[in-house]
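Engineer: One file: structure.cif (mmCIF, C-alpha atoms).
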```cif
data_upload
loop_
_atom_site.label_atom_id
_atom_site.label_comp_id
_atom_site.auth_asym_id
_atom_site.auth_seq_id
_atom_site.Cartn_x
_atom_site.Cartn_y
_atom_site.Cartn_z
CA MET A 1 16.59 13.25 -8.36
CA THR A 2 16.46 16.50 -10.34
CA GLU A 3 18.44 19.67 -10.49
CA GLN A 4 17.33 22.67 -8.52
CA GLY A 5 14.77 24.74 -10.39
CA VAL A 6 13.50 21.75 -12.41
CA ARG A 7 10.05 20.68 -11.29
CA TRP A 8 9.50 16.96 -10.71
CA THR A 9 6.87 14.93 -12.45
CA ALA A 10 3.90 13.52 -10.56
CA ASP A 11 5.43 10.03 -11.00
CA GLN A 12 8.63 11.14 -9.28
CA VAL A 13 6.65 12.64 -6.40
CA LEU A 14 4.50 9.55 -5.84
CA ALA A 15 7.55 7.29 -6.01
CA LEU A 16 8.76 8.94 -2.77
CA ALA A 17 5.74 7.90 -0.71
CA PRO A 18 6.33 5.20 1.93
CA ASP A 19 3.05 3.32 1.40
CA ALA A 20 -0.24 3.17 -0.48
CA ALA A 21 -2.23 5.05 2.14
CA SER A 22 0.09 8.05 2.11
CA ARG A 23 0.04 8.07 -1.70
CA ALA A 24 -3.74 8.12 -1.77
CA ALA A 25 -3.87 10.86 0.87
CA GLY A 26 -1.12 12.84 -0.89
CA SER A 27 -3.06 12.65 -4.13
CA GLU A 28 -6.12 14.03 -2.31
CA LEU A 29 -4.05 16.93 -0.99
CA GLY A 30 -2.37 17.64 -4.32
CA ALA A 31 -5.01 20.23 -5.16
CA ALA A 32 -5.20 23.93 -4.48
CA GLY A 33 -8.20 23.68 -2.13
CA PRO A 34 -6.62 22.93 1.28
CA TRP A 35 -3.47 25.05 0.69
CA SER A 36 -2.59 28.66 1.34
CA GLY A 37 0.66 30.61 1.25
CA ALA A 38 2.30 28.03 -1.03
CA GLY A 39 5.45 29.06 -2.84
CA SER A 40 8.87 27.99 -4.07
CA SER A 41 12.30 29.53 -4.38
CA GLY A 42 15.03 29.21 -6.96
CA GLU A 43 17.14 27.44 -4.34
CA GLY A 44 15.02 24.29 -4.39
CA VAL A 45 12.71 25.05 -1.45
CA VAL A 46 8.92 24.55 -1.57
CA TRP A 47 6.60 25.52 1.29
CA GLY A 48 2.92 25.88 2.09
CA LEU A 49 0.20 25.87 4.77
CA CYS A 50 -2.34 23.03 4.64
CA GLU A 51 -5.68 23.19 6.44
CA ALA A 52 -5.67 20.77 9.36
CA GLY A 53 -9.35 19.92 8.97
CA GLY A 54 -9.73 19.62 12.70
CA GLY A 55 -12.05 22.43 13.65
CA GLY A 56 -9.95 25.51 14.27
CA ASP A 57 -6.48 23.97 14.59
CA ALA A 58 -3.56 25.87 13.11
CA PRO A 59 -2.70 24.81 9.53
CA TYR A 60 0.18 22.42 9.05
CA ARG A 61 3.43 24.07 8.07
CA THR A 62 4.98 22.00 5.31
CA VAL A 63 8.35 22.58 3.67
CA VAL A 64 10.48 20.50 1.27
CA ASP A 65 14.10 20.87 0.26
CA VAL A 66 14.03 19.23 -3.16
CA SER A 67 17.84 19.25 -3.41
CA GLY A 68 18.09 16.76 -0.51
CA PRO A 69 15.41 15.74 -0.62
CA ALA A 70 14.32 16.55 2.93
CA TYR A 71 10.81 17.01 4.26
CA GLY A 72 9.38 18.94 7.18
CA CYS A 73 5.82 19.20 8.44
CA SER A 74 4.18 20.23 11.70
CA CYS A 75 1.60 17.43 11.33
CA PRO A 76 1.76 14.46 13.73
CA GLY A 77 2.42 11.95 10.95
CA ARG A 78 5.46 9.70 11.26
CA GLY A 79 6.10 8.87 7.61
CA SER A 80 8.83 10.44 5.54
CA PRO A 81 7.52 12.12 3.50
CA CYS A 82 4.06 12.59 5.02
CA GLU A 83 0.93 13.04 2.92
CA HIS A 84 1.16 16.84 3.28
CA ALA A 85 4.67 16.91 1.81
CA LEU A 86 3.47 14.69 -1.05
CA GLY A 87 0.46 16.91 -1.68
CA LEU A 88 2.63 20.03 -1.67
CA LEU A 89 5.07 18.46 -4.14
CA LEU A 90 2.19 17.42 -6.41
CA LEU A 91 0.91 20.98 -6.25
CA TRP A 92 4.40 22.18 -7.25
CA SER A 93 5.12 19.46 -9.85
CA ASP A 94 5.19 20.03 -13.59
CA GLY A 95 1.66 18.69 -13.86
CA GLY A 96 0.35 20.93 -11.08
CA GLY A 97 1.92 24.32 -11.58
CA ALA A 98 -0.11 25.95 -8.79
CA VAL A 99 2.97 27.08 -6.80
CA ALA A 100 4.59 30.36 -7.81
CA ARG A 101 8.08 31.64 -7.12
CA GLY A 102 8.45 33.81 -4.05
CA GLU A 103 10.32 34.56 -0.85
CA ALA A 104 10.13 31.88 1.83
CA PRO A 105 8.44 32.80 5.14
CA GLU A 106 10.53 32.99 8.29
CA TRP A 107 9.50 29.55 9.60
CA ALA A 108 10.47 27.87 6.34
CA GLU A 109 13.79 29.73 6.20
CA ARG A 110 14.58 28.70 9.76
CA TRP A 111 13.85 25.05 9.03
CA ILE A 112 15.81 24.90 5.78
CA LYS A 113 18.87 26.57 7.33
CA GLY A 114 18.82 24.04 10.16
CA VAL A 115 18.55 21.07 7.80
CA ARG A 116 21.25 22.28 5.43
CA ALA A 117 23.56 23.01 8.31
CA LYS A 118 23.30 19.37 9.37
CA GLY A 119 23.50 18.07 5.77
CA PRO A 120 20.76 16.66 3.50
CA THR A 121 18.51 14.13 5.19
CA ASP A 122 15.20 12.46 4.48
CA ALA A 123 14.25 12.37 8.18
CA PRO A 124 10.75 13.71 8.88
CA ASP A 125 11.98 16.84 10.63
CA SER A 126 9.30 19.47 11.00
CA PRO A 127 9.31 23.16 11.89
CA GLY A 128 9.71 23.12 15.64
CA ALA A 129 10.26 19.35 15.74
CA ALA A 130 13.27 19.76 18.00
CA ASP A 131 10.78 20.01 20.85
CA PRO A 132 9.86 16.39 21.69
CA GLU A 133 6.95 17.53 23.83
CA ALA A 134 5.46 19.43 20.87
CA ALA A 135 5.88 16.34 18.69
CA ARG A 136 4.14 14.24 21.34
CA ARG A 137 1.21 16.69 21.43
CA ARG A 138 0.89 16.62 17.64
CA ALA A 139 0.86 12.83 17.66
CA GLY A 140 -1.77 12.89 20.37
CA ARG A 141 -3.97 15.27 18.39
CA ARG A 142 -3.78 13.07 15.32
CA ALA A 143 -4.65 9.99 17.37
CA GLU A 144 -7.68 11.86 18.73
CA ARG A 145 -8.81 12.75 15.20
CA VAL A 146 -8.41 9.17 14.01
CA THR A 147 -10.35 7.93 17.02
CA ALA A 148 -13.14 10.43 16.31
CA GLY A 149 -13.13 9.26 12.69
CA THR A 150 -13.50 5.59 13.67
CA VAL A 151 -16.41 6.48 15.98
CA GLU A 152 -18.13 8.40 13.19
CA LEU A 153 -17.54 5.55 10.75
CA GLU A 154 -19.03 3.03 13.17
CA GLN A 155 -22.12 5.23 13.54
CA ARG A 156 -22.50 5.44 9.77
CA LEU A 157 -22.15 1.67 9.40
CA ALA A 158 -24.75 1.15 12.12
CA ASP A 159 -27.14 3.52 10.32
CA LEU A 160 -26.53 1.66 7.07
CA LEU A 161 -27.34 -1.72 8.60
CA ARG A 162 -30.32 -0.31 10.42
CA GLY A 163 -31.74 1.05 7.16
CA GLY A 164 -30.85 -2.06 5.17
CA LEU A 165 -28.01 -2.70 2.73
CA ALA A 166 -30.32 -1.95 -0.19
CA SER A 167 -30.23 1.71 0.84
CA ALA A 168 -26.52 1.80 -0.02
CA GLU A 169 -27.33 0.68 -3.57
CA ARG A 170 -29.91 3.44 -3.94
CA SER A 171 -27.49 6.08 -2.64
CA GLY A 172 -24.87 5.23 -5.26
CA ASP A 173 -21.19 6.14 -4.99
CA GLY A 174 -21.93 9.50 -3.34
CA LEU A 175 -22.49 7.82 0.05
CA TRP A 176 -19.05 6.23 0.02
CA GLU A 177 -17.22 9.26 -1.40
CA GLU A 178 -18.66 11.52 1.30
CA THR A 179 -17.76 9.00 4.02
CA ALA A 180 -14.25 8.60 2.60
CA ALA A 181 -13.79 12.38 2.62
CA ARG A 182 -14.68 12.40 6.31
CA MET A 183 -12.01 9.77 6.96
CA VAL A 184 -9.45 11.91 5.11
CA ASP A 185 -10.43 14.81 7.39
CA ALA A 186 -9.85 12.48 10.34
CA GLN A 187 -6.31 11.77 9.02
CA ALA A 188 -7.11 8.10 8.48
CA PRO A 189 -6.32 7.61 4.75
CA GLY A 190 -6.30 3.83 5.09
CA LEU A 191 -9.91 3.87 6.23
CA ALA A 192 -10.77 6.27 3.41
CA ALA A 193 -9.28 3.89 0.82
CA ARG A 194 -11.23 0.90 2.19
CA VAL A 195 -14.47 2.92 2.20
CA ARG A 196 -13.98 3.87 -1.46
CA GLU A 197 -13.53 0.21 -2.36
CA LEU A 198 -17.08 -0.46 -1.15
CA ALA A 199 -18.40 1.43 -4.18
CA SER A 200 -16.70 -0.98 -6.60
CA LEU A 201 -17.23 -4.32 -4.89
CA PRO A 202 -17.47 -7.22 -7.35
CA GLY A 203 -20.56 -9.37 -7.52
CA THR A 204 -24.13 -8.96 -8.63
CA GLY A 205 -27.53 -9.97 -7.37
CA ALA A 206 -27.52 -11.83 -4.07
CA ASP A 207 -23.69 -11.91 -3.93
CA ARG A 208 -23.20 -8.17 -3.62
CA PRO A 209 -25.04 -7.60 -0.29
CA VAL A 210 -23.04 -10.48 1.20
CA ARG A 211 -19.75 -8.94 0.08
CA LEU A 212 -20.87 -5.52 1.31
CA LEU A 213 -21.73 -6.95 4.73
CA GLU A 214 -18.34 -8.68 4.93
CA GLU A 215 -16.44 -5.51 4.11
CA CYS A 216 -18.51 -3.42 6.54
CA ALA A 217 -17.69 -5.95 9.26
CA LEU A 218 -13.96 -5.64 8.49
CA LEU A 219 -14.22 -1.84 8.66
CA HIS A 220 -15.94 -2.15 12.01
CA LEU A 221 -13.22 -4.51 13.23
CA LEU A 222 -10.48 -2.11 12.11
CA GLY A 223 -12.07 0.78 13.95
CA ARG A 224 -12.41 -1.28 17.12
CA GLY A 225 -8.83 -2.46 16.75
CA TRP A 226 -7.63 1.15 16.62
CA ARG A 227 -9.59 2.18 19.71
CA HIS A 228 -8.23 -0.81 21.66
CA ARG A 229 -4.74 -0.87 20.16
CA GLU A 230 -3.07 -0.60 23.59
CA ARG A 231 -4.40 -4.07 24.42
CA LEU A 232 -3.14 -5.69 21.21
CA PRO A 233 0.18 -7.50 20.75
CA GLU A 234 2.73 -5.11 19.27
CA GLY A 235 2.81 -6.87 15.90
CA LEU A 236 -0.98 -6.71 15.50
CA ALA A 237 -1.04 -3.12 16.77
CA ALA A 238 1.50 -2.20 14.07
CA THR A 239 -0.73 -3.87 11.48
CA VAL A 240 -3.73 -1.86 12.69
CA ARG A 241 -1.74 1.40 12.49
CA SER A 242 -0.68 0.53 8.97
CA ARG A 243 -4.22 -0.38 7.88
CA ILE A 244 -5.56 2.87 9.37
CA GLY A 245 -3.03 4.78 7.28
CA LEU A 246 -0.29 5.81 9.70
CA THR A 247 2.93 5.69 7.74
CA ALA A 248 5.95 3.75 8.94
CA ARG A 249 9.50 3.11 7.82
CA ALA A 250 10.88 -0.18 6.55
CA ASP A 251 12.97 -0.47 9.70
CA GLY A 252 13.46 -4.25 9.73
CA PRO A 253 17.01 -5.63 9.50
CA SER A 254 18.52 -5.64 6.00
CA ILE A 255 18.50 -9.12 4.46
CA ARG A 256 20.86 -9.81 1.60
CA ASP A 257 19.94 -12.66 -0.71
CA ARG A 258 19.61 -13.61 -4.35
CA TRP A 259 15.96 -12.68 -4.88
CA LEU A 260 14.15 -14.53 -7.65
CA VAL A 261 11.72 -12.12 -9.38
CA LEU A 262 8.53 -14.19 -9.50
CA ALA A 263 6.00 -11.72 -10.86
CA GLN A 264 5.36 -8.07 -11.68
CA TYR A 265 1.97 -6.58 -12.49
CA ASP A 266 0.12 -3.25 -12.30
CA THR A 267 -3.33 -2.27 -11.08
CA ALA A 268 -4.82 1.18 -11.54
CA ASP A 269 -7.62 3.41 -10.34
CA SER A 270 -8.49 7.05 -10.99
CA ARG A 271 -5.70 8.25 -8.69
CA LEU A 272 -2.77 5.82 -8.82
CA THR A 273 -1.07 3.06 -10.73
CA THR A 274 0.21 0.43 -8.29
CA ARG A 275 2.95 -2.01 -9.25
CA ARG A 276 3.42 -5.25 -7.29
CA ILE A 277 6.66 -7.19 -7.57
CA TRP A 278 6.95 -10.58 -5.84
CA LEU A 279 10.41 -11.85 -4.86
CA TYR A 280 11.62 -15.16 -3.44
CA GLY A 281 14.88 -15.40 -1.49
CA THR A 282 16.78 -18.35 -2.92
CA GLY A 283 18.90 -18.63 0.24
CA THR A 284 16.51 -17.53 3.00
CA GLY A 285 13.31 -19.03 1.55
CA ARG A 286 11.43 -15.78 2.28
CA THR A 287 8.82 -14.26 -0.02
CA ALA A 288 8.67 -10.46 -0.19
CA LEU A 289 6.52 -7.87 -1.92
CA LEU A 290 7.79 -4.60 -3.40
CA LEU A 291 5.24 -1.86 -4.05
CA SER A 292 5.83 1.13 -6.30
CA TYR A 293 3.47 3.81 -7.59
CA GLY A 294 2.89 6.20 -10.43
CA ALA A 295 0.33 8.85 -11.23
CA ALA A 296 -2.89 7.62 -12.80
CA GLY A 297 -2.23 6.37 -16.32
CA ARG A 298 1.55 6.29 -15.89
CA ALA A 299 3.79 3.34 -15.11
CA PRO A 300 5.77 3.40 -11.84
CA GLU A 301 9.54 3.86 -12.08
CA LEU A 302 10.60 0.62 -10.36
CA ALA A 303 10.73 -2.33 -12.78
CA LEU A 304 12.56 -5.66 -12.50
CA PRO A 305 12.92 -8.42 -15.11
CA VAL A 306 10.75 -11.43 -14.25
CA GLY A 307 12.62 -14.75 -14.07
CA PRO A 308 16.22 -13.84 -13.10
CA ALA A 309 17.49 -13.46 -9.51
CA LEU A 310 18.67 -10.14 -8.07
CA ASP A 311 21.54 -9.93 -5.55
CA ALA A 312 20.22 -7.21 -3.24
CA GLU A 313 19.21 -6.21 0.29
CA LEU A 314 15.61 -5.92 1.46
CA SER A 315 14.22 -4.36 4.65
CA ALA A 316 10.80 -5.41 5.99
CA TYR A 317 8.00 -3.05 7.02
CA PRO A 318 6.52 -3.47 10.53
CA GLY A 319 3.42 -5.55 11.18
CA THR A 320 2.86 -9.19 11.99
CA GLY A 321 2.57 -11.40 8.93
CA GLN A 322 3.41 -8.60 6.49
CA SER A 323 5.25 -9.51 3.27
CA ARG A 324 6.01 -5.96 2.17
CA ALA A 325 9.63 -4.85 2.04
CA ALA A 326 11.76 -2.01 0.67
CA LEU A 327 14.48 -2.61 -1.90
CA GLY A 328 17.89 -1.52 -0.68
CA GLU A 329 21.33 -1.77 -2.23
CA ARG A 330 21.76 -3.89 -5.35
CA PHE A 331 25.08 -5.69 -5.63
CA ALA A 332 24.89 -7.20 -9.12
CA PRO A 333 22.63 -7.20 -12.18
CA PRO A 334 19.85 -9.82 -12.33
CA ALA A 335 21.19 -13.23 -13.34
CA PRO A 336 19.51 -16.50 -14.39
CA THR A 337 18.77 -19.13 -11.74
CA ASP A 338 17.23 -22.59 -11.76
CA VAL A 339 15.93 -22.31 -8.17
CA ARG A 340 12.18 -22.77 -7.67
CA PRO A 341 10.22 -21.97 -4.52
CA PRO A 342 8.98 -25.11 -2.73
CA GLY A 343 5.33 -25.96 -3.24
CA THR A 344 2.40 -27.10 -1.14
CA THR A 345 -1.03 -28.61 -1.76
CA THR A 346 -4.23 -26.64 -2.33
CA ALA A 347 -5.36 -27.58 1.19
CA GLY A 348 -2.04 -26.35 2.55
CA ALA A 349 -2.48 -23.05 0.68
CA ALA A 350 -5.95 -22.50 2.16
CA ALA A 351 -4.60 -23.29 5.64
CA ARG A 352 -1.74 -20.83 5.14
CA TYR A 353 -4.21 -18.05 4.29
CA GLY A 354 -6.30 -18.89 7.34
CA GLU A 355 -3.25 -18.69 9.59
CA ALA A 356 -2.27 -15.33 8.08
CA LEU A 357 -5.71 -13.92 8.88
CA ARG A 358 -4.99 -14.36 12.59
CA ASP A 359 -2.18 -11.81 12.24
CA ASP A 360 -3.95 -9.54 9.74
CA PRO A 361 -7.74 -9.99 9.45
CA TRP A 362 -7.83 -7.44 6.58
CA LEU A 363 -5.46 -9.42 4.36
CA ASP A 364 -6.88 -10.11 0.89
CA SER A 365 -4.41 -12.84 -0.05
CA VAL A 366 -1.06 -14.46 0.72
CA PRO A 367 1.73 -15.56 -1.63
CA VAL A 368 1.70 -19.34 -2.15
CA THR A 369 3.40 -21.83 -4.46
CA LEU A 370 1.31 -24.87 -5.38
CA ASP A 371 3.08 -28.09 -6.39
CA ARG A 372 1.69 -30.71 -8.78
CA VAL A 373 -1.59 -29.04 -9.66
CA ILE A 374 -3.58 -29.31 -12.88
CA PRO A 375 -5.71 -26.47 -14.33
CA ALA A 376 -9.17 -27.78 -15.10
CA PRO A 377 -12.55 -26.26 -16.01
CA ASP A 378 -15.14 -26.13 -13.23
CA GLY A 379 -18.57 -25.25 -14.59
CA GLU A 380 -18.30 -21.65 -15.80
CA GLY A 381 -14.95 -21.15 -14.04
CA TRP A 382 -11.55 -22.81 -13.62
CA GLN A 383 -9.76 -24.46 -10.76
CA LEU A 384 -6.33 -25.83 -9.85
CA ALA A 385 -6.77 -29.45 -8.79
CA ASP A 386 -4.19 -31.45 -6.85
CA ALA A 387 -2.76 -34.24 -8.98
CA ASP A 388 -2.32 -36.54 -5.96
CA GLU A 389 -5.29 -35.53 -3.75
CA ASP A 390 -9.01 -34.93 -4.13
CA THR A 391 -8.84 -31.18 -3.42
CA ALA A 392 -8.77 -28.02 -5.55
CA LEU A 393 -8.73 -24.22 -5.41
CA PRO A 394 -10.96 -22.08 -7.64
CA LEU A 395 -9.35 -19.34 -9.71
CA THR A 396 -10.40 -15.77 -8.97
CA PRO A 397 -12.70 -13.99 -11.45
CA ALA A 398 -9.77 -11.71 -12.38
CA ALA A 399 -7.54 -14.70 -13.17
CA ARG A 400 -10.17 -16.25 -15.44
CA SER A 401 -10.17 -13.15 -17.66
CA ARG A 402 -6.38 -12.93 -18.10
CA PRO A 403 -4.46 -14.42 -21.04
CA GLY A 404 -2.10 -16.00 -18.49
CA LEU A 405 -4.74 -18.66 -17.86
CA TRP A 406 -4.30 -20.04 -21.38
CA ARG A 407 -0.51 -19.99 -21.07
CA LEU A 408 -0.93 -22.04 -17.90
CA VAL A 409 -3.28 -24.50 -19.62
CA ALA A 410 -0.85 -24.85 -22.54
CA LEU A 411 2.10 -25.40 -20.21
CA SER A 412 0.19 -28.08 -18.30
CA GLY A 413 -1.23 -29.95 -21.27
CA GLY A 414 -3.31 -31.91 -18.78
CA GLY A 415 -0.33 -32.76 -16.59
CA PRO A 416 0.83 -31.39 -13.22
CA VAL A 417 2.75 -28.09 -12.94
CA ARG A 418 4.10 -25.89 -10.15
CA VAL A 419 2.33 -22.53 -9.83
CA PHE A 420 3.11 -19.40 -7.81
CA GLY A 421 0.32 -16.95 -7.07
CA GLU A 422 -1.90 -15.22 -4.53
CA CYS A 423 -4.36 -17.26 -2.46
CA GLY A 424 -7.23 -15.41 -0.77
CA HIS A 425 -10.93 -15.30 -0.02
CA GLN A 426 -11.86 -15.00 -3.70
CA GLY A 427 -9.71 -17.95 -4.79
CA PHE A 428 -6.26 -18.30 -6.36
CA THR A 429 -4.60 -15.95 -8.86
CA PRO A 430 -1.73 -17.67 -10.75
CA LEU A 431 1.22 -15.39 -11.51
CA ALA A 432 4.04 -17.74 -12.59
CA ALA A 433 4.43 -21.45 -13.39
CA TRP A 434 7.06 -24.13 -14.03
CA PRO A 435 6.75 -27.42 -15.94
CA GLU A 436 6.94 -30.72 -14.07
CA GLY A 437 10.46 -31.46 -15.27
CA ALA A 438 13.29 -29.17 -16.27
CA GLY A 439 12.30 -25.87 -17.83
CA GLU A 440 12.21 -22.12 -17.33
CA MET A 441 9.61 -20.19 -15.38
CA VAL A 442 6.63 -18.99 -17.43
CA PRO A 443 5.17 -15.58 -16.41
CA LEU A 444 1.37 -15.53 -16.23
CA CYS A 445 0.76 -11.79 -15.71
#
```
Mind turning the file's structure into C-alpha cells?

Structural biologist:
Amino acid sequence: MTEQGVRWTADQVLALAPDAASRAAGSELGAAGPWSGAGSSGEGVVWGLCEAGGGGDAPYRTVVDVSGPAYGCSCPGRGSPCEHALGLLLLWSDGGGAVARGEAPEWAERWIKGVRAKGPTDAPDSPGAADPEAARRRAGRRAERVTAGTVELEQRLADLLRGGLASAERSGDGLWEETAARMVDAQAPGLAARVRELASLPGTGADRPVRLLEECALLHLLGRGWRHRERLPEGLAATVRSRIGLTARADGPSIRDRWLVLAQYDTADSRLTTRRIWLYGTGTGRTALLLSYGAAGRAPELALPVGPALDAELSAYPGTGQSRAALGERFAPPAPTDVRPPGTTTAGAAARYGEALRDDPWLDSVPVTLDRVIPAPDGEGWQLADADEDTALPLTPAARSRPGLWRLVALSGGGPVRVFGECGHQGFTPLAAWPEGAGEMVPLC
C-alpha cells in the first residue's frame, strides 16, 4: 500500500478492517492511553503492548509488518487485522504520530523474522501463535470476558427498567457512554456500538420510550444468544458472534457475476464514515452489500459507479441471512446493462423482512425491489402504494428528507415505477428507480 518508512493515513488503516465492529474498536484503541512500549523501525515494523483490560492479564503483544502487510497479536481475536492491530496502526499513522522510531523488542523481532521467512501474509499470526493450545486458551479467555460483559449489560438493563425509562433521559449520554466503555473492556465492540446508538435514537415524546424499550430488548436477546450460542444453529450462532463483535473472514465461495451497482451512499458519526454499496448479480439473482470505511470526515477509498455492471468475484461473510460480501478480483471495467432486478409487492417486501428476522433478529432492514409502486403523500409523510393492490409501505423519516424523494416523484409522474431500496421496521428507503417502460436507472441517494 505504501513504501516502507511512509506512514499510512487513517483512511488507509481503517480500510483494512474486516468489519464495522473492529473498526469502531480499533478507533477506540487508536489513542495513547491503553498502549505502552510502542515503537516503529525503519524496516516497516510497528509494535506495541496494549492493556488487556481484564484485571491483571498480561498486555497484548501487537506487531505489524507494514510492508506485507502482516499482523500479529496475542489477543484471542480471530479477525485479520484485529482491533489491536488497527489501533496500533492508527497510533502510528500520519494523523497520530504517537509512535517513535526505536529498536524492536525480542518478541517482535522473533515474530517478524518468522513471517518474513515464510513470505508476506495477512494471516492473523500472533507472537507465540504456533502453539494451538495457547491460541485456544486466549480464545477461551476472550469468550469469558464477553460472557461477563453480557451479564453486566443485562444487570444494567434490568436496573434501568426497574428505575423507569425516564431515568435514562435524565442521565443523558453519559449513561450509555460509560456502559459502552465497559463493553469495550469486555472485548465486545458490537455490543458497545449498539449501546452507543441508544443515545441517538430517533423519536420524541411518547415514541422515544417505546423505541428505547425495543432496543433494550434486542440487546438483552443478543446477550442471551451469546451465552447460549452452543444451542443455536451454526448459521444463527455465526450471526450472534458477528453482532457481538467477533471478527470473521469472508470465507464463502467466490461467486463471479456481472454485478449491477444499484446504490452507493455514506453515513457518518464522530468516529467513522461508512460507505454502503448495493450490488445485484445479473446472472445469479443475488443481492450483496459491500461495506467500506474512512476516518471521520473522510470518504472511504472504495467507490463504484452507480448504474453499470461490474464483472467481478464476491465472497460472502458468515451468518445466516447476511447480505454482506467482500469484493475480490475484477475482470473488466464497469459496463452498461439493461438488466433490472425483479420486483415484488409492498406486502411481499414486508413478508421478506419478517422472514429475515428469523435468521437475524437484530437486522434493521433488507434489500428489496418493489414493482409497480406509486409514490404518494400520506398525511405528513410519504408512502409507496401498490398500483394493482390496496397496500402500501411508508417511507422512512430519513428518506422523506432526501432530495431523492423528489427525483422519484418526478420519475413517477403519478404512474407506477420500479424501486430498489431497504425495507425495515422504520419503513422503506428508496435508493434507485426505473421507469415503467424502457429507460435508465435513476439513482436516489

Engineer: What residues come out when you apply the PyMOL selection byres ((chain A and resi 327) around 6) to this file, written as a ChimeraX atom specification?

Structural biologist: /A:314,326,328

Engineer: Given the PyMOL selection byres ((chain A and resi 358-372) around 8) and the file above, list the residues it selects as a PyMOL selection string.

Structural biologist: chain A and resi 218+235-236+239+287+320-321+341-346+349+352-357+373-374+386-388+416-425+436

Engineer: Would you output that residue set with C-alpha atoms, as a tab-separated table (two decimals), in the coordinates of the input?

Structural biologist:
```
chain	number	residue	atom	x	y	z
A	218	LEU	CA	-13.96	-5.64	8.49
A	235	GLY	CA	2.81	-6.87	15.90
A	236	LEU	CA	-0.98	-6.71	15.50
A	239	THR	CA	-0.73	-3.87	11.48
A	287	THR	CA	8.82	-14.26	-0.02
A	320	THR	CA	2.86	-9.19	11.99
A	321	GLY	CA	2.57	-11.40	8.93
A	341	PRO	CA	10.22	-21.97	-4.52
A	342	PRO	CA	8.98	-25.11	-2.73
A	343	GLY	CA	5.33	-25.96	-3.24
A	344	THR	CA	2.40	-27.10	-1.14
A	345	THR	CA	-1.03	-28.61	-1.76
A	346	THR	CA	-4.23	-26.64	-2.33
A	349	ALA	CA	-2.48	-23.05	0.68
A	352	ARG	CA	-1.74	-20.83	5.14
A	353	TYR	CA	-4.21	-18.05	4.29
A	354	GLY	CA	-6.30	-18.89	7.34
A	355	GLU	CA	-3.25	-18.69	9.59
A	356	ALA	CA	-2.27	-15.33	8.08
A	357	LEU	CA	-5.71	-13.92	8.88
A	373	VAL	CA	-1.59	-29.04	-9.66
A	374	ILE	CA	-3.58	-29.31	-12.88
A	386	ASP	CA	-4.19	-31.45	-6.85
A	387	ALA	CA	-2.76	-34.24	-8.98
A	388	ASP	CA	-2.32	-36.54	-5.96
A	416	PRO	CA	0.83	-31.39	-13.22
A	417	VAL	CA	2.75	-28.09	-12.94
A	418	ARG	CA	4.10	-25.89	-10.15
A	419	VAL	CA	2.33	-22.53	-9.83
A	420	PHE	CA	3.11	-19.40	-7.81
A	421	GLY	CA	0.32	-16.95	-7.07
A	422	GLU	CA	-1.90	-15.22	-4.53
A	423	CYS	CA	-4.36	-17.26	-2.46
A	424	GLY	CA	-7.23	-15.41	-0.77
A	425	HIS	CA	-10.93	-15.30	-0.02
A	436	GLU	CA	6.94	-30.72	-14.07
```

Engineer: Skip region 19-30 of chain A itself and residues of its chain fewer than 5 positions away, then list as a list in words all residues within 6 Å of it, counting all atoms listed in the file.

Structural biologist: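 Returned residues: Glu83, Leu86, Gly87, Leu90, Leu91, Pro189, Gly190 and Gly245 of chain A.
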
Engineer: Which is closer to Ala410 (chain A) than all the others in A:Leu444, A:Ala438, A:Ala199, A:Ala351, using all atoms listed in the file?

Structural biologist: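 Nearest candidate to Ala410 (chain A) out of A:Leu444, A:Ala438, A:Ala199, A:Ala351: A:Leu444.
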
Engineer: For each of A:Val99, A:Trp278, A:Asp65, A:Gly39, take the minimum atom-to-atom distance to Ser323 (chain A), counting all atoms listed in the file, then give the residue where this is smallest.

Structural biologist: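 Counting all atoms listed in the file, the residue closest to Ser323 (chain A) is A:Trp278.
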